[in-house]
$ cat final26.txt   # compact mmCIF, C-alpha atoms
# COMPACT_ATOMS: atom_id res chain seq x y z
CA MET A 691 0.00 0.00 0.00
CA ARG A 692 1.20 3.34 -0.93
CA ARG A 693 1.65 5.77 1.84
CA ARG A 694 0.58 9.30 1.39
CA ARG A 695 3.13 11.88 2.20
CA LYS A 696 1.98 14.65 4.42
CA HIS A 697 2.56 18.16 3.19
CA ARG A 698 4.83 20.01 5.50
CA SER A 699 3.44 23.39 6.48
CA VAL A 700 5.69 26.41 5.97
CA ILE A 701 7.00 27.82 9.27
CA ARG A 702 6.24 31.49 9.58
CA VAL A 703 7.78 33.89 12.04
CA PRO A 704 5.07 35.95 13.71
CA VAL A 705 6.05 39.53 12.88
CA ALA A 706 2.72 41.20 13.53
CA SER A 707 3.66 42.15 17.09
CA MET A 708 7.13 43.46 16.18
CA GLY A 709 5.82 46.98 15.71
CA ASP A 710 4.12 46.90 19.09
CA ILE A 711 7.30 45.71 20.78
CA ALA A 712 9.28 48.41 19.01
CA PHE A 713 6.91 51.15 20.14
CA LEU A 714 7.01 49.85 23.70
CA LEU A 715 10.80 50.09 23.58
CA ILE A 716 10.56 53.65 22.27
CA ILE A 717 8.25 54.61 25.12
CA PHE A 718 10.72 53.04 27.57
CA PHE A 719 13.65 55.01 26.15
CA MET A 720 11.66 58.24 26.08
CA LEU A 721 10.77 57.87 29.74
CA ALA A 722 14.20 56.69 30.82
CA SER A 723 16.18 59.32 28.93
CA HIS A 724 17.26 62.40 30.77
CA PHE A 725 18.06 65.32 28.53
CA ALA A 726 20.71 67.69 29.82
CA GLN A 727 19.35 71.00 30.99
CA ASP A 728 22.63 72.85 31.12
CA ARG A 729 23.31 74.74 27.96
CA GLY A 730 26.45 76.61 28.91
CA ASN A 731 29.94 75.72 27.89
CA ILE A 732 32.07 74.56 30.81
CA THR A 733 35.25 72.67 31.52
CA LEU A 734 34.94 70.82 34.81
CA ALA A 735 37.58 71.04 37.52
CA LYS A 736 39.62 67.90 38.20
CA SER A 737 40.62 66.17 41.39
CA PRO A 738 41.81 62.65 42.33
CA SER A 739 39.59 62.38 45.40
CA LEU A 740 36.04 62.29 44.10
CA GLU A 741 33.03 60.12 44.81
CA ALA A 742 29.89 59.21 42.87
CA LEU A 743 27.14 61.80 43.17
CA SER A 744 23.46 61.08 43.41
CA LYS A 745 21.02 62.71 41.00
CA SER A 746 19.15 65.81 41.98
CA LYS A 747 16.42 68.00 40.55
CA LEU A 748 18.26 71.15 41.55
CA SER A 749 21.23 72.30 39.52
CA VAL A 750 23.29 75.44 39.54
CA MET A 751 25.90 76.17 36.93
CA ILE A 752 28.48 78.88 36.22
CA ASP A 753 29.85 78.80 32.69
CA ALA A 754 33.22 79.97 31.38
CA GLN A 755 31.88 83.50 30.89
CA GLY A 756 30.66 83.63 34.49
CA LYS A 757 26.97 83.39 33.57
CA LEU A 758 24.74 81.86 36.24
CA PHE A 759 22.20 79.16 35.47
CA PHE A 760 19.57 77.61 37.71
CA ASN A 761 18.00 74.42 36.36
CA GLY A 762 19.14 75.39 32.86
CA ARG A 763 17.78 78.93 32.95
CA THR A 764 19.87 82.05 33.30
CA VAL A 765 19.68 83.99 36.53
CA ASP A 766 21.27 87.33 37.37
CA THR A 767 22.55 87.16 40.91
CA ALA A 768 23.48 84.74 43.68
CA ALA A 769 20.55 86.11 45.68
CA ASP A 770 18.16 84.83 42.98
CA ILE A 771 19.72 81.39 43.33
CA GLU A 772 19.29 81.51 47.11
CA ASN A 773 15.57 82.28 46.77
CA LYS A 774 14.96 79.63 44.10
CA VAL A 775 16.92 76.93 45.93
CA ALA A 776 15.11 77.68 49.21
CA ALA A 777 11.71 77.53 47.48
CA LEU A 778 12.46 74.23 45.71
CA ILE A 779 13.91 72.60 48.83
CA LYS A 780 10.68 73.49 50.64
CA GLN A 781 8.66 72.03 47.75
CA ASN A 782 10.74 68.82 47.72
CA THR A 783 10.38 68.40 51.46
CA GLU A 784 6.60 68.82 51.20
CA ARG A 785 6.56 66.14 48.50
CA GLY A 786 8.07 63.74 50.99
CA LEU A 787 11.60 63.44 49.64
CA THR A 788 14.20 62.42 52.18
CA ASN A 789 16.25 65.19 53.69
CA ASP A 790 19.43 64.74 51.61
CA MET A 791 17.56 64.15 48.35
CA ALA A 792 15.47 67.26 48.88
CA ARG A 793 18.49 69.41 49.71
CA THR A 794 21.12 68.27 47.23
CA VAL A 795 22.05 70.94 44.68
CA VAL A 796 24.27 69.83 41.81
CA PHE A 797 26.87 72.56 41.33
CA LYS A 798 28.86 72.80 38.12
CA CYS A 799 31.42 75.51 37.57
CA ASP A 800 34.02 76.16 34.91
CA LYS A 801 37.50 75.53 36.29
CA GLY A 802 38.73 78.99 35.24
CA VAL A 803 36.03 81.02 37.01
CA GLY A 804 37.34 83.31 39.73
CA LYS A 805 36.49 83.31 43.42
CA SER A 806 34.51 86.54 43.27
CA ARG A 807 32.00 84.75 41.02
CA PHE A 808 31.68 81.24 42.48
CA GLU A 809 32.04 81.87 46.21
CA PRO A 810 28.85 83.96 46.58
CA VAL A 811 26.95 81.22 44.72
CA ILE A 812 28.23 78.44 46.99
CA GLU A 813 27.37 80.60 49.97
CA ALA A 814 23.89 81.26 48.59
CA ILE A 815 23.25 77.51 48.24
CA ALA A 816 24.47 76.93 51.80
CA LYS A 817 22.33 79.80 53.14
CA ALA A 818 19.26 78.37 51.41
CA GLY A 819 19.89 75.11 53.24
CA GLY A 820 21.25 73.22 50.24
CA LEU A 821 23.80 70.45 50.23
CA VAL A 822 26.46 71.37 47.67
CA ALA A 823 27.27 68.52 45.27
CA ALA A 824 30.18 70.00 43.32
CA VAL A 825 30.67 68.11 40.06
CA GLY A 826 34.17 67.45 38.78
CA GLU A 827 36.23 65.06 36.74
CA LYS A 828 38.31 62.32 38.26
CA LYS A 829 42.01 62.94 37.79
CA GLU A 830 44.29 59.92 37.93
CA SER A 831 46.76 60.58 40.70
CA ALA A 832 50.40 59.49 40.68
CA GLU A 833 50.30 59.31 44.47
CA PRO A 834 50.66 55.88 46.15
CA MET B 507 -29.63 44.47 -21.12
CA LYS B 508 -28.06 43.54 -17.93
CA LYS B 509 -27.05 46.38 -15.79
CA LYS B 510 -23.37 46.63 -15.16
CA ARG B 511 -22.60 45.99 -11.57
CA ARG B 512 -20.87 48.81 -9.88
CA LYS B 513 -17.69 47.81 -8.24
CA ARG B 514 -17.46 48.79 -4.65
CA PRO B 515 -14.41 50.86 -4.04
CA ASP B 516 -11.95 49.12 -1.74
CA ALA B 517 -11.61 50.49 1.74
CA PRO B 518 -8.38 52.52 1.81
CA ASP B 519 -5.66 50.71 3.70
CA MET B 520 -3.04 52.52 5.65
CA PRO B 521 0.42 51.34 4.71
CA VAL B 522 1.61 49.98 8.05
CA GLY B 523 4.31 47.72 6.71
CA SER B 524 7.05 50.26 7.37
CA PHE B 525 5.89 51.16 10.88
CA SER B 526 8.19 48.71 12.59
CA ASP B 527 11.13 49.98 10.53
CA ILE B 528 10.43 53.54 11.64
CA ALA B 529 10.03 52.36 15.22
CA PHE B 530 13.36 50.55 15.19
CA LEU B 531 15.05 53.60 13.68
CA LEU B 532 13.69 55.63 16.59
CA ILE B 533 14.97 53.04 19.05
CA ILE B 534 18.42 53.24 17.49
CA PHE B 535 18.30 57.04 17.82
CA PHE B 536 17.43 56.82 21.51
CA ILE B 537 20.11 54.21 22.19
CA VAL B 538 22.73 56.38 20.51
CA ALA B 539 21.52 59.63 22.10
CA THR B 540 21.21 58.29 25.64
CA THR B 541 24.28 58.71 27.77
CA LEU B 542 24.48 56.74 30.95
CA ASN B 543 27.15 58.80 32.61
CA LYS B 544 27.51 58.92 36.35
CA MET B 545 28.43 62.22 37.88
CA SER B 546 31.38 62.34 40.19
CA GLY B 547 32.32 65.09 42.57
CA VAL B 548 32.18 66.21 46.16
CA THR B 549 29.12 66.49 48.37
CA THR B 550 29.62 68.92 51.19
CA ASP B 551 27.30 70.39 53.78
CA ILE B 552 28.67 73.88 54.29
CA PRO B 553 27.62 75.43 57.59
CA ALA B 554 25.65 78.58 56.81
CA GLY B 555 26.20 80.24 60.19
CA GLU B 556 28.51 83.00 61.23
CA LYS B 557 32.13 82.34 62.19
CA SER B 558 32.36 81.81 65.92
CA GLN B 559 34.80 84.03 67.73
CA GLY B 560 36.68 82.38 70.55
CA ALA B 561 39.58 80.37 71.71
CA THR B 562 38.54 77.31 69.70
CA ALA B 563 38.98 79.20 66.42
CA GLU B 564 42.74 78.89 66.74
CA LYS B 565 42.57 75.10 66.98
CA VAL B 566 40.55 74.70 63.79
CA PRO B 567 42.69 73.46 60.87
CA THR B 568 42.76 76.19 58.25
CA VAL B 569 43.44 75.89 54.54
CA GLU B 570 44.21 79.20 52.88
CA LEU B 571 44.34 79.76 49.15
CA HIS B 572 46.16 82.74 47.72
CA GLY B 573 46.05 82.50 43.94
CA GLU B 574 48.00 79.32 43.19
CA ARG B 575 49.60 79.25 46.66
CA ILE B 576 48.19 76.94 49.34
CA THR B 577 48.87 77.16 53.06
CA PHE B 578 47.80 74.79 55.83
CA ASN B 579 47.85 76.35 59.29
CA LYS B 580 49.98 79.20 57.90
CA GLU B 581 52.50 76.78 56.40
CA ASP B 582 53.11 76.62 52.64
CA ILE B 583 52.10 73.28 51.21
CA THR B 584 51.36 71.50 47.93
CA MET B 585 47.98 69.94 47.17
CA LYS B 586 49.47 66.45 47.67
CA GLY B 587 50.94 67.54 50.97
CA LEU B 588 47.59 68.98 52.01
CA ARG B 589 45.91 65.64 51.35
CA ARG B 590 48.49 63.88 53.51
CA ARG B 591 48.19 66.39 56.34
CA LEU B 592 44.40 66.23 56.30
CA ALA B 593 44.48 62.42 56.29
CA ALA B 594 46.81 62.53 59.31
CA LEU B 595 44.19 64.48 61.29
CA ASP B 596 41.95 61.35 61.39
CA LEU B 597 38.83 63.46 61.03
CA ASP B 598 36.70 60.38 60.43
CA LYS B 599 37.21 59.42 64.08
CA LYS B 600 36.10 62.84 65.29
CA LYS B 601 32.62 64.22 65.77
CA GLY B 602 30.77 67.49 65.33
CA GLU B 603 32.80 70.69 65.38
CA GLU B 604 36.08 68.80 65.65
CA ARG B 605 35.67 67.82 62.00
CA VAL B 606 35.47 71.40 60.80
CA VAL B 607 38.19 72.58 58.42
CA VAL B 608 38.21 76.24 57.49
CA LEU B 609 38.68 77.05 53.82
CA GLU B 610 39.69 80.61 53.14
CA ALA B 611 40.41 82.07 49.75
CA SER B 612 42.01 85.45 49.29
CA GLY B 613 42.73 87.28 46.08
CA GLU B 614 41.53 85.81 42.81
CA VAL B 615 41.52 82.03 43.21
CA ALA B 616 40.50 79.87 40.24
CA TYR B 617 37.75 77.33 40.83
CA GLN B 618 40.15 74.48 39.91
CA VAL B 619 42.33 75.15 42.99
CA TYR B 620 39.29 75.73 45.22
CA PHE B 621 37.58 72.54 44.04
CA ASP B 622 40.73 70.48 44.58
CA ALA B 623 41.03 71.82 48.15
CA LEU B 624 37.32 71.21 48.75
CA ALA B 625 37.63 67.64 47.47
CA SER B 626 40.70 67.02 49.65
CA ILE B 627 38.90 68.20 52.80
CA SER B 628 35.83 66.17 51.92
CA ALA B 629 37.90 63.04 51.21
CA ALA B 630 39.46 63.40 54.67
CA HIS B 631 35.90 63.43 56.15
CA GLY B 632 36.18 67.09 57.08
CA VAL B 633 33.31 69.56 57.24
CA VAL B 634 34.12 72.63 55.18
CA ALA B 635 33.56 76.05 56.67
CA ILE B 636 34.00 78.92 54.27
CA VAL B 637 35.51 82.14 55.53
CA LYS B 638 35.35 85.29 53.44
CA GLU B 639 38.01 87.93 53.21
CA GLU B 640 37.66 90.94 55.48
CA GLY B 641 35.46 93.61 53.98
CA GLN B 642 33.25 91.05 52.27
CA GLY B 643 31.43 89.95 55.42
CA LYS B 644 31.08 86.39 56.68

$ encode --input "final26.txt" --output "structure tokens"
Amino acid sequence: MRRRRKHRSVIRVPVASMGDIAFLLIIFFMLASHFAQDRGNITLAKSPSLEALSKSKLSVMIDAQGKLFFNGRTVDTAADIENKVAALIKQNTERGLTNDMARTVVFKCDKGVGKSRFEPVIEAIAKAGGLVAAVGEKKESAEP
Amino acid sequence: MKKKRRKRPDAPDMPVGSFSDIAFLLIIFFIVATTLNKMSGVTTDIPAGEKSQGATAEKVPTVELHGERITFNKEDITMKGLRRRLAALDLDKKKGEERVVVLEASGEVAYQVYFDALASISAAHGVVAIVKEEGQGK
């Protein structure tokens, strides 16, 4: 008796859901991405003794020209920074953030900026009750 | 004569075949544009109060910056030397006000020098107290 051969069905890869997966990935990346708010041009100071800094919603920056920025927007004086930092710390505390997270202010300054420009700003952050997180670059030290 | 049947126009289909290609292009863009850099630096809680006048002020270790020159307790020192001297103070074993290190800058000091001094004090577990030059207030 002759045996009938079964027709093998063609294996198809299910691609219909690929688009959905792709869009889910896009949404993930859009939510996870953090776009830099600082627009100024700065060269960070270097030091061998640095530690990892935690993220913060408060940032203060002084660019190479001595311009002041608070959360990416230009401000005129250190007093403005003091007021804004104090207001946002209060807001963060009311939202229930822990003490250090609510108070941390990321401070970036160009390495060439003079004392007369950066010291009043650091003082203003301290006066407003902020914890200064000065950002720098790790310098490899030749020390033992 | 038989009436000619009108053909129903087909419902317009949206071309969705290239949607996944566009989506993957967007993913590639986000992967390339996202930077996962960790910030490094110094976190310091600078006391905002006034400088206390008294006998204890003399005992507080003081780092002074004059332009490029650094002094520690009135003694000229290099940045490496400062790190060693601060480490020798064993500030991590001390508490409260005993951990305070005064940082004073006079003249026009660049942020690079100031930041390095700040990082050195912080690495030695010191609490930085900033003192302003006379005439500028405290």

$ interface_residues --input "final26.txt" --of "chain B" --to "chain A" --cutoff "10 Å" --atoms "only C-alpha atoms" --output "short mmCIF file (atom, residue, chain, number, x, y, z; two decimals) with C-alpha atoms, in the frame of the given file"
data_model
loop_
_atom_site.label_atom_id
_atom_site.label_comp_id
_atom_site.auth_asym_id
_atom_site.auth_seq_id
_atom_site.Cartn_x
_atom_site.Cartn_y
_atom_site.Cartn_z
CA VAL B 522 1.61 49.98 8.05
CA GLY B 523 4.31 47.72 6.71
CA SER B 524 7.05 50.26 7.37
CA PHE B 525 5.89 51.16 10.88
CA SER B 526 8.19 48.71 12.59
CA ASP B 527 11.13 49.98 10.53
CA ILE B 528 10.43 53.54 11.64
CA ALA B 529 10.03 52.36 15.22
CA PHE B 530 13.36 50.55 15.19
CA LEU B 531 15.05 53.60 13.68
CA LEU B 532 13.69 55.63 16.59
CA ILE B 533 14.97 53.04 19.05
CA ILE B 534 18.42 53.24 17.49
CA PHE B 535 18.30 57.04 17.82
CA PHE B 536 17.43 56.82 21.51
CA ILE B 537 20.11 54.21 22.19
CA ALA B 539 21.52 59.63 22.10
CA THR B 540 21.21 58.29 25.64
CA THR B 541 24.28 58.71 27.77
CA LEU B 542 24.48 56.74 30.95
CA LYS B 544 27.51 58.92 36.35
CA MET B 545 28.43 62.22 37.88
CA SER B 546 31.38 62.34 40.19
CA GLY B 547 32.32 65.09 42.57
CA VAL B 548 32.18 66.21 46.16
CA THR B 549 29.12 66.49 48.37
CA THR B 550 29.62 68.92 51.19
CA ASP B 551 27.30 70.39 53.78
CA ILE B 552 28.67 73.88 54.29
CA PRO B 553 27.62 75.43 57.59
CA ALA B 554 25.65 78.58 56.81
CA GLY B 555 26.20 80.24 60.19
CA GLY B 573 46.05 82.50 43.94
CA LYS B 586 49.47 66.45 47.67
CA ARG B 589 45.91 65.64 51.35
CA ALA B 611 40.41 82.07 49.75
CA SER B 612 42.01 85.45 49.29
CA GLY B 613 42.73 87.28 46.08
CA GLU B 614 41.53 85.81 42.81
CA VAL B 615 41.52 82.03 43.21
CA ALA B 616 40.50 79.87 40.24
CA TYR B 617 37.75 77.33 40.83
CA GLN B 618 40.15 74.48 39.91
CA VAL B 619 42.33 75.15 42.99
CA TYR B 620 39.29 75.73 45.22
CA PHE B 621 37.58 72.54 44.04
CA ASP B 622 40.73 70.48 44.58
CA ALA B 623 41.03 71.82 48.15
CA LEU B 624 37.32 71.21 48.75
CA ALA B 625 37.63 67.64 47.47
CA SER B 626 40.70 67.02 49.65
CA ILE B 627 38.90 68.20 52.80
CA SER B 628 35.83 66.17 51.92
CA ALA B 629 37.90 63.04 51.21
CA ALA B 630 39.46 63.40 54.67
CA ILE B 636 34.00 78.92 54.27
CA VAL B 637 35.51 82.14 55.53
CA LYS B 638 35.35 85.29 53.44
CA LYS B 644 31.08 86.39 56.68
#

$ closest_residue --input "final26.txt" --among "A:Ala792, A:Val750, A:Ile701, A:Val811" --to "Ala777 (chain A)" --atoms "all atoms listed in the file"
A:Ala792

$ residues_near_point --input "final26.txt" --point "(45.7, 72.5, 52.4)" --cutoff "8 Å" --atoms "only C-alpha atoms" --output "VMD selection string"
chain B and resid 568 to 570 576 to 578 583 to 585 587 to 589 591 to 592 623 626

$ closest_residue --input "final26.txt" --among "B:Asp516, B:Pro567, B:Asp598, B:Val634" --to "Glu581 (chain B)" --atoms "all atoms listed in the file"
B:Pro567

$ atom_distance --input "final26.txt" --atom1 "CA of Lys747 (chain A)" --atom2 "CA of Glu784 (chain A)"
14.5 Å

$ atom_distance --input "final26.txt" --atom1 "CA of Gly632 (chain B)" --atom2 "CA of Ser746 (chain A)"
22.8 Å

$ atom_distance --input "final26.txt" --atom1 "CA of Ile771 (chain A)" --atom2 "CA of Met751 (chain A)"
10.3 Å

$ build_atoms --input "final26.txt" --residues "region 519-551 of chain B" --atoms "N, CA and C atoms" --output "tab-separated table (two decimals), keeping the file's coordinate frame"
chain	number	residue	atom	x	y	z
B	519	ASP	N	-6.52	51.28	2.66
B	519	ASP	CA	-5.66	50.71	3.70
B	519	ASP	C	-4.50	51.64	4.00
B	520	MET	N	-4.22	51.73	5.28
B	520	MET	CA	-3.04	52.52	5.65
B	520	MET	C	-1.81	51.64	5.48
B	521	PRO	N	-0.78	52.18	4.84
B	521	PRO	CA	0.42	51.34	4.71
B	521	PRO	C	1.16	51.24	6.04
B	522	VAL	N	1.00	50.14	6.72
B	522	VAL	CA	1.61	49.98	8.05
B	522	VAL	C	2.85	49.09	8.02
B	523	GLY	N	3.18	48.65	6.85
B	523	GLY	CA	4.31	47.72	6.71
B	523	GLY	C	5.62	48.32	7.18
B	524	SER	N	5.77	49.64	7.01
B	524	SER	CA	7.05	50.26	7.37
B	524	SER	C	7.06	50.81	8.80
B	525	PHE	N	5.97	50.62	9.52
B	525	PHE	CA	5.89	51.16	10.88
B	525	PHE	C	6.98	50.60	11.80
B	526	SER	N	7.18	49.31	11.71
B	526	SER	CA	8.19	48.71	12.59
B	526	SER	C	9.59	49.20	12.24
B	527	ASP	N	9.81	49.45	10.93
B	527	ASP	CA	11.13	49.98	10.53
B	527	ASP	C	11.36	51.36	11.15
B	528	ILE	N	10.32	52.20	11.06
B	528	ILE	CA	10.43	53.54	11.64
B	528	ILE	C	10.66	53.44	13.15
B	529	ALA	N	9.91	52.53	13.77
B	529	ALA	CA	10.03	52.36	15.22
B	529	ALA	C	11.44	51.94	15.60
B	530	PHE	N	12.01	50.99	14.86
B	530	PHE	CA	13.36	50.55	15.19
B	530	PHE	C	14.40	51.63	14.93
B	531	LEU	N	14.15	52.46	13.92
B	531	LEU	CA	15.05	53.60	13.68
B	531	LEU	C	15.03	54.54	14.88
B	532	LEU	N	13.82	54.77	15.40
B	532	LEU	CA	13.69	55.63	16.59
B	532	LEU	C	14.40	55.03	17.79
B	533	ILE	N	14.28	53.72	17.93
B	533	ILE	CA	14.97	53.04	19.05
B	533	ILE	C	16.47	53.25	18.93
B	534	ILE	N	16.98	53.07	17.70
B	534	ILE	CA	18.42	53.24	17.49
B	534	ILE	C	18.84	54.67	17.86
B	535	PHE	N	18.01	55.64	17.48
B	535	PHE	CA	18.30	57.04	17.82
B	535	PHE	C	18.40	57.21	19.33
B	536	PHE	N	17.43	56.65	20.05
B	536	PHE	CA	17.43	56.82	21.51
B	536	PHE	C	18.61	56.10	22.16
B	537	ILE	N	18.96	54.94	21.63
B	537	ILE	CA	20.11	54.21	22.19
B	537	ILE	C	21.38	55.02	22.00
B	538	VAL	N	21.53	55.61	20.81
B	538	VAL	CA	22.73	56.38	20.51
B	538	VAL	C	22.75	57.68	21.32
B	539	ALA	N	21.58	58.32	21.43
B	539	ALA	CA	21.52	59.63	22.10
B	539	ALA	C	21.57	59.55	23.62
B	540	THR	N	21.23	58.40	24.18
B	540	THR	CA	21.21	58.29	25.64
B	540	THR	C	22.62	58.08	26.17
B	541	THR	N	22.98	58.90	27.13
B	541	THR	CA	24.28	58.71	27.77
B	541	THR	C	24.04	58.30	29.22
B	542	LEU	N	24.65	57.24	29.59
B	542	LEU	CA	24.48	56.74	30.95
B	542	LEU	C	25.70	57.11	31.78
B	543	ASN	N	25.96	58.40	31.86
B	543	ASN	CA	27.15	58.80	32.61
B	543	ASN	C	26.81	59.10	34.06
B	544	LYS	N	27.70	58.66	34.92
B	544	LYS	CA	27.51	58.92	36.35
B	544	LYS	C	28.35	60.12	36.73
B	545	MET	N	27.72	61.03	37.46
B	545	MET	CA	28.43	62.22	37.88
B	545	MET	C	29.34	61.89	39.05
B	546	SER	N	30.51	62.49	39.03
B	546	SER	CA	31.38	62.34	40.19
B	546	SER	C	31.75	63.72	40.70
B	547	GLY	N	32.00	63.79	41.97
B	547	GLY	CA	32.32	65.09	42.57
B	547	GLY	C	32.41	65.01	44.07
B	548	VAL	N	32.07	66.10	44.70
B	548	VAL	CA	32.18	66.21	46.16
B	548	VAL	C	30.85	66.71	46.71
B	549	THR	N	30.32	66.00	47.71
B	549	THR	CA	29.12	66.49	48.37
B	549	THR	C	29.53	67.04	49.72
B	550	THR	N	29.21	68.30	49.93
B	550	THR	CA	29.62	68.92	51.19
B	550	THR	C	28.50	69.78	51.78
B	551	ASP	N	28.32	69.63	53.06
B	551	ASP	CA	27.30	70.39	53.78
B	551	ASP	C	28.01	71.57	54.44
